[in-house]
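*Asks:* Handing you this structure, nothing more for now.
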Amino acid sequence: MRFFLDAGQREFTRSLGGLLASSHTPATVRSWAAGDRAPGRALWTRLAEAGVFALAVPERHEGFGPLPLELASAFIELGRHAVPGPLVETVAAAAFLDRLGDPDTAAAHLPGIASGETVASLCLTALGPYALDADAADTVLVVDGDVVRAGAKPGPSQPSADPARRLSRPSGGTVLAEGPAVVPAAAHASDVAALATAAQCLGLGRALLTRTVEYVKQRTQFGVPIGSFQAVKHRLADTLVALEFAEPLIHGAALALAAGSAEAGRDVAAAKVTAGEAAHRAARTALQLHGAVGYTDELDLSLWIRKARPLRDAWGAPAACRARVLTV
């Protein structure tokens, strides 16, 4: 199995990283958390123009995909730059609608997702009753057993450690589809969401590690940079190893999904738990090595730190992923 990206995939990733680096995402995150969606929607449009959402949409519906490996690479960059919004849920909704097997329903929704005109949120009640950023989405899909409802309205919000993640319990809506095709489509969408979230975790962890390494080179104690202390070096090395170990698992899971492997679900679960725990470790390391300044909301670092635990638990908490990996 080939785990390295080819030249075209690497160029796409570099281009997307450059786009995000010039977008000053911390300000966008703070605006999104405050309820101002305009900067986030503007960035969403730029991401769509770069082809991010089209990676989850088949060519027959004006997309480029589905291309799980390219999608994972894109979400690593989205996580690295802490982009807010229901990014995972939108591509998972696209995967669900594509796998549902209803051409009319797919034609009504997928081109808008590919172009960035449609922001979607997806709630699979088998995994939990909440949808992310339902109040900011153009369409909210709720899958309950073998029934799909569209146009659900957001209900009361659920607090999150990350102020830019607004969870609510959607209600109402009209039946979009029902029947035996719904369940496997939902399972596939869940795998796509878990893969994208694992990729976000990897990007997030790398950003935290980079910022922490820069900080320990500058911060001095006893007249020397704290990065010269052996204990600090070991902590950073352990964090790096955890993140590096997650990357081939993410690539392998993406390739398994692309091939339609029967083992894809377990591969995705392994990638998700590994990347999620690595990002959480990176957040703890960043917080400890930054000291008291790491707790301040004014520091951009806090925007990354506060995402680590919610992303670790989203679309497959560690215990659930481990249980799935162990399933024979």
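Residue numbering restarts at 1 in every chain; chains get A, B, ... in the order shown in the structure tokens, and ligands count up from 1 in that same order.
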Might you pull out every residue within 10 Å of Val143 of chain A, with only C-alpha atoms counted and same-chain residues fewer than 5 positions away left off, and present them as a PyMOL selection string?
*Replies:* chain A and resi 96+122-126+129+148-150+175-178+182-183+185-186
*Asks:* Could those selected residues go to a file with N, CA and C atoms, as a PDB file, in the first residue's frame?
*Replies:*
```pdb
ATOM      1  N   PHE A  96     -23.157  10.888   2.458  1.00  0.00           N
ATOM      2  CA  PHE A  96     -24.431  10.230   2.745  1.00  0.00           C
ATOM      3  C   PHE A  96     -25.385  10.322   1.562  1.00  0.00           C
ATOM      4  N   LEU A 122     -25.023  17.535   9.652  1.00  0.00           N
ATOM      5  CA  LEU A 122     -25.555  16.168   9.643  1.00  0.00           C
ATOM      6  C   LEU A 122     -25.592  15.640  11.060  1.00  0.00           C
ATOM      7  N   CYS A 123     -26.730  15.105  11.446  1.00  0.00           N
ATOM      8  CA  CYS A 123     -26.895  14.489  12.757  1.00  0.00           C
ATOM      9  C   CYS A 123     -27.302  13.034  12.569  1.00  0.00           C
ATOM     10  N   LEU A 124     -26.476  12.114  13.051  1.00  0.00           N
ATOM     11  CA  LEU A 124     -26.820  10.694  13.079  1.00  0.00           C
ATOM     12  C   LEU A 124     -27.225  10.369  14.503  1.00  0.00           C
ATOM     13  N   THR A 125     -28.507  10.171  14.731  1.00  0.00           N
ATOM     14  CA  THR A 125     -28.984  10.014  16.103  1.00  0.00           C
ATOM     15  C   THR A 125     -28.421   8.764  16.771  1.00  0.00           C
ATOM     16  N   ALA A 126     -27.948   7.801  15.994  1.00  0.00           N
ATOM     17  CA  ALA A 126     -27.328   6.614  16.581  1.00  0.00           C
ATOM     18  C   ALA A 126     -26.037   6.975  17.309  1.00  0.00           C
ATOM     19  N   PRO A 129     -27.572  13.039  19.728  1.00  0.00           N
ATOM     20  CA  PRO A 129     -28.701  13.847  19.269  1.00  0.00           C
ATOM     21  C   PRO A 129     -28.338  15.226  18.751  1.00  0.00           C
ATOM     22  N   VAL A 148     -34.653   9.708   7.052  1.00  0.00           N
ATOM     23  CA  VAL A 148     -33.865  10.933   6.946  1.00  0.00           C
ATOM     24  C   VAL A 148     -34.822  12.114   6.880  1.00  0.00           C
ATOM     25  N   ARG A 149     -34.596  13.103   7.741  1.00  0.00           N
ATOM     26  CA  ARG A 149     -35.376  14.324   7.689  1.00  0.00           C
ATOM     27  C   ARG A 149     -34.478  15.474   7.248  1.00  0.00           C
ATOM     28  N   ALA A 150     -35.000  16.333   6.408  1.00  0.00           N
ATOM     29  CA  ALA A 150     -34.274  17.509   5.948  1.00  0.00           C
ATOM     30  C   ALA A 150     -34.982  18.764   6.438  1.00  0.00           C
ATOM     31  N   VAL A 175     -39.608  14.495   5.862  1.00  0.00           N
ATOM     32  CA  VAL A 175     -38.957  13.240   5.481  1.00  0.00           C
ATOM     33  C   VAL A 175     -38.376  13.375   4.076  1.00  0.00           C
ATOM     34  N   LEU A 176     -37.080  13.161   3.986  1.00  0.00           N
ATOM     35  CA  LEU A 176     -36.380  13.239   2.701  1.00  0.00           C
ATOM     36  C   LEU A 176     -36.292  11.868   2.045  1.00  0.00           C
ATOM     37  N   ALA A 177     -36.053  10.855   2.870  1.00  0.00           N
ATOM     38  CA  ALA A 177     -35.943   9.481   2.364  1.00  0.00           C
ATOM     39  C   ALA A 177     -36.126   8.530   3.532  1.00  0.00           C
ATOM     40  N   GLU A 178     -36.513   7.325   3.214  1.00  0.00           N
ATOM     41  CA  GLU A 178     -36.614   6.281   4.221  1.00  0.00           C
ATOM     42  C   GLU A 178     -36.489   4.927   3.543  1.00  0.00           C
ATOM     43  N   VAL A 182     -30.908   3.684   3.835  1.00  0.00           N
ATOM     44  CA  VAL A 182     -30.485   4.767   4.714  1.00  0.00           C
ATOM     45  C   VAL A 182     -29.388   4.320   5.679  1.00  0.00           C
ATOM     46  N   VAL A 183     -29.536   3.132   6.237  1.00  0.00           N
ATOM     47  CA  VAL A 183     -28.601   2.671   7.272  1.00  0.00           C
ATOM     48  C   VAL A 183     -27.174   2.518   6.742  1.00  0.00           C
ATOM     49  N   ALA A 185     -25.884   3.923   4.143  1.00  0.00           N
ATOM     50  CA  ALA A 185     -25.430   5.258   3.738  1.00  0.00           C
ATOM     51  C   ALA A 185     -24.967   6.053   4.951  1.00  0.00           C
ATOM     52  N   ALA A 186     -25.689   5.923   6.055  1.00  0.00           N
ATOM     53  CA  ALA A 186     -25.305   6.616   7.290  1.00  0.00           C
ATOM     54  C   ALA A 186     -23.994   6.065   7.835  1.00  0.00           C
TER      55      ALA A 186
END
```
*Asks:* Among segment 131-328 of chain A, which ones does DSSP place in helix (DSSP H, G or I), written as a ChimeraX atom specification?
*Replies:* /A:134-136,182-218,226-228,230-259,264-295,301-313,318-325
*Asks:* Please identify the strand (DSSP E) residues within segment 43-249 of chain A (assignment by DSSP from backbone atoms) and present them as a ChimeraX atom specification.
*Replies:* /A:120-124,131-132,139-144,147-150,157-158,167-168,174-178,220-221,224-225
*Asks:* Here is a test: counting only C-alpha atoms, which residue of A:Ile113, A:Ala120, A:Leu236, A:Leu69 is nearest to Leu257 of chain A?
*Replies:* A:Leu69
*Asks:* In Å, with one decimal, what is the gap from atom CA of Gly40 of chain A to atom CA of Ala134 of chain A?
*Replies:*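 Distance reported for this atom pair: 14.4 Å.
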*Asks:* Pick out the closest residue to Arg284 of chain A from this set: A:Asp300, A:Asp238, A:Glu117, A:Asp135. Count only C-alpha atoms.
*Replies:*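 Counting only C-alpha atoms, the residue closest to Arg284 of chain A is A:Asp238.
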*Asks:* Which neighbours of Pro39 of chain A fall inside 9 Å, counting only C-alpha atoms, when residues of the same chain fewer than 4 positions from it are skipped, and could you give them as a PyMOL selection string?
*Replies:* chain A and resi 27-29+31-32+43-44
*Asks:* From the options A:Leu5, A:Cys201, A:Val325, A:Leu209, which residue's atoms come nearest to Ala286 of chain A, counting only C-alpha atoms?
*Replies:*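 Of all the options, A:Leu209 lies closest to Ala286 of chain A.
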*Asks:* How many Å separate atom CA of Ala54 of chain A from atom CA of Ala114 of chain A?
*Replies:*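 Answer for the atom CA of Ala54 of chain A to atom CA of Ala114 of chain A separation: 4.2 Å.
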*Asks:* Let me make sure I understand: among A:Glu77, A:Gly85, A:Arg14, A:His251, which one has the smallest atom-to-atom distance to Ala38 of chain A if we use only C-alpha atoms?
*Replies:*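 Comparing A:Glu77, A:Gly85, A:Arg14, A:His251 against Ala38 of chain A, the winner is A:Gly85.
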*Asks:* With a distance cut-off of 10 Å and only C-alpha atoms, select the neighbouring residues of Ser302 of chain A, excluding the residue or stretch itself and same-chain residues fewer than 4 positions from it, and output the selection as a PyMOL selection string.
*Replies:* chain A and resi 26+162+208+283+286-287+293-298+306-307
*Asks:* Keeping N, CA, C and O atoms, export the residues of the selection given above as a PDB file, in the first residue's frame.
*Replies:*
```pdb
ATOM      1  N   PRO A  26      -7.488  33.105  12.961  1.00  0.00           N
ATOM      2  CA  PRO A  26      -7.900  33.397  14.339  1.00  0.00           C
ATOM      3  C   PRO A  26      -9.036  34.418  14.431  1.00  0.00           C
ATOM      4  O   PRO A  26      -9.963  34.258  15.238  1.00  0.00           O
ATOM      5  N   ASP A 162     -14.961  24.204  23.075  1.00  0.00           N
ATOM      6  CA  ASP A 162     -14.546  25.100  21.996  1.00  0.00           C
ATOM      7  C   ASP A 162     -15.691  26.066  21.702  1.00  0.00           C
ATOM      8  O   ASP A 162     -16.740  25.650  21.208  1.00  0.00           O
ATOM      9  N   LEU A 208      -0.125  23.028  17.085  1.00  0.00           N
ATOM     10  CA  LEU A 208       0.190  23.219  18.497  1.00  0.00           C
ATOM     11  C   LEU A 208       1.659  22.915  18.774  1.00  0.00           C
ATOM     12  O   LEU A 208       2.330  23.639  19.521  1.00  0.00           O
ATOM     13  N   ALA A 283      -2.088  19.326  22.834  1.00  0.00           N
ATOM     14  CA  ALA A 283      -2.729  20.433  23.547  1.00  0.00           C
ATOM     15  C   ALA A 283      -2.253  20.500  24.997  1.00  0.00           C
ATOM     16  O   ALA A 283      -1.975  21.591  25.512  1.00  0.00           O
ATOM     17  N   ALA A 286       1.313  21.811  24.964  1.00  0.00           N
ATOM     18  CA  ALA A 286       1.343  23.247  24.691  1.00  0.00           C
ATOM     19  C   ALA A 286       0.930  24.040  25.921  1.00  0.00           C
ATOM     20  O   ALA A 286       1.554  25.052  26.268  1.00  0.00           O
ATOM     21  N   LEU A 287      -0.109  23.583  26.592  1.00  0.00           N
ATOM     22  CA  LEU A 287      -0.605  24.298  27.763  1.00  0.00           C
ATOM     23  C   LEU A 287       0.433  24.285  28.880  1.00  0.00           C
ATOM     24  O   LEU A 287       0.702  25.314  29.519  1.00  0.00           O
ATOM     25  N   VAL A 293       0.479  31.719  30.625  1.00  0.00           N
ATOM     26  CA  VAL A 293       0.016  32.447  29.441  1.00  0.00           C
ATOM     27  C   VAL A 293      -0.846  31.558  28.550  1.00  0.00           C
ATOM     28  O   VAL A 293      -1.683  32.044  27.781  1.00  0.00           O
ATOM     29  N   GLY A 294      -0.671  30.250  28.656  1.00  0.00           N
ATOM     30  CA  GLY A 294      -1.449  29.326  27.838  1.00  0.00           C
ATOM     31  C   GLY A 294      -2.924  29.317  28.171  1.00  0.00           C
ATOM     32  O   GLY A 294      -3.743  28.852  27.377  1.00  0.00           O
ATOM     33  N   TYR A 295      -3.288  29.827  29.336  1.00  0.00           N
ATOM     34  CA  TYR A 295      -4.689  29.836  29.756  1.00  0.00           C
ATOM     35  C   TYR A 295      -5.462  31.052  29.248  1.00  0.00           C
ATOM     36  O   TYR A 295      -6.676  31.121  29.401  1.00  0.00           O
ATOM     37  N   THR A 296      -4.792  32.026  28.680  1.00  0.00           N
ATOM     38  CA  THR A 296      -5.449  33.281  28.343  1.00  0.00           C
ATOM     39  C   THR A 296      -6.206  33.191  27.020  1.00  0.00           C
ATOM     40  O   THR A 296      -5.686  32.695  26.023  1.00  0.00           O
ATOM     41  N   ASP A 297      -7.426  33.730  27.033  1.00  0.00           N
ATOM     42  CA  ASP A 297      -8.235  33.747  25.810  1.00  0.00           C
ATOM     43  C   ASP A 297      -7.641  34.670  24.755  1.00  0.00           C
ATOM     44  O   ASP A 297      -7.870  34.470  23.558  1.00  0.00           O
ATOM     45  N   GLU A 298      -6.905  35.679  25.192  1.00  0.00           N
ATOM     46  CA  GLU A 298      -6.355  36.640  24.241  1.00  0.00           C
ATOM     47  C   GLU A 298      -5.293  36.009  23.337  1.00  0.00           C
ATOM     48  O   GLU A 298      -5.065  36.468  22.223  1.00  0.00           O
ATOM     49  N   ARG A 306      -8.378  24.695  22.708  1.00  0.00           N
ATOM     50  CA  ARG A 306      -9.755  24.402  23.084  1.00  0.00           C
ATOM     51  C   ARG A 306     -10.479  23.526  22.064  1.00  0.00           C
ATOM     52  O   ARG A 306     -11.580  23.052  22.322  1.00  0.00           O
ATOM     53  N   LYS A 307      -9.875  23.320  20.916  1.00  0.00           N
ATOM     54  CA  LYS A 307     -10.470  22.431  19.925  1.00  0.00           C
ATOM     55  C   LYS A 307     -10.068  20.969  20.129  1.00  0.00           C
ATOM     56  O   LYS A 307     -10.730  20.055  19.623  1.00  0.00           O
TER      57      LYS A 307
END
```
*Asks:* Enter the distance from atom CA of Leu289 of chain A to atom CA of Leu243 of chain A, in Å, rounded to one decimal.
*Replies:*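 These two atoms are separated by 17.6 Å.
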*Asks:* Determine the nearest neighbour of Asp313 of chain A from the options A:Ala161, A:Ala82, A:Leu326, A:Leu16, counting only C-alpha atoms.
*Replies:* A:Ala161
*Asks:* Out of A:Leu87, A:Leu19, A:Ala72, A:Ala93, which residue has the shortest atom-to-atom distance to Arg46 of chain A when counting only C-alpha atoms?
*Replies:*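 So, comparing all the options, the nearest one is A:Leu19.
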*Asks:* Which residues are near segment 216-230 of chain A? Cut-off 9 Å, only C-alpha atoms, ignore same chain within fewer than 4 positions. Put them as a VMD selection string.
*Replies:* chain A and resid 211 to 212 234 to 235 289 to 290
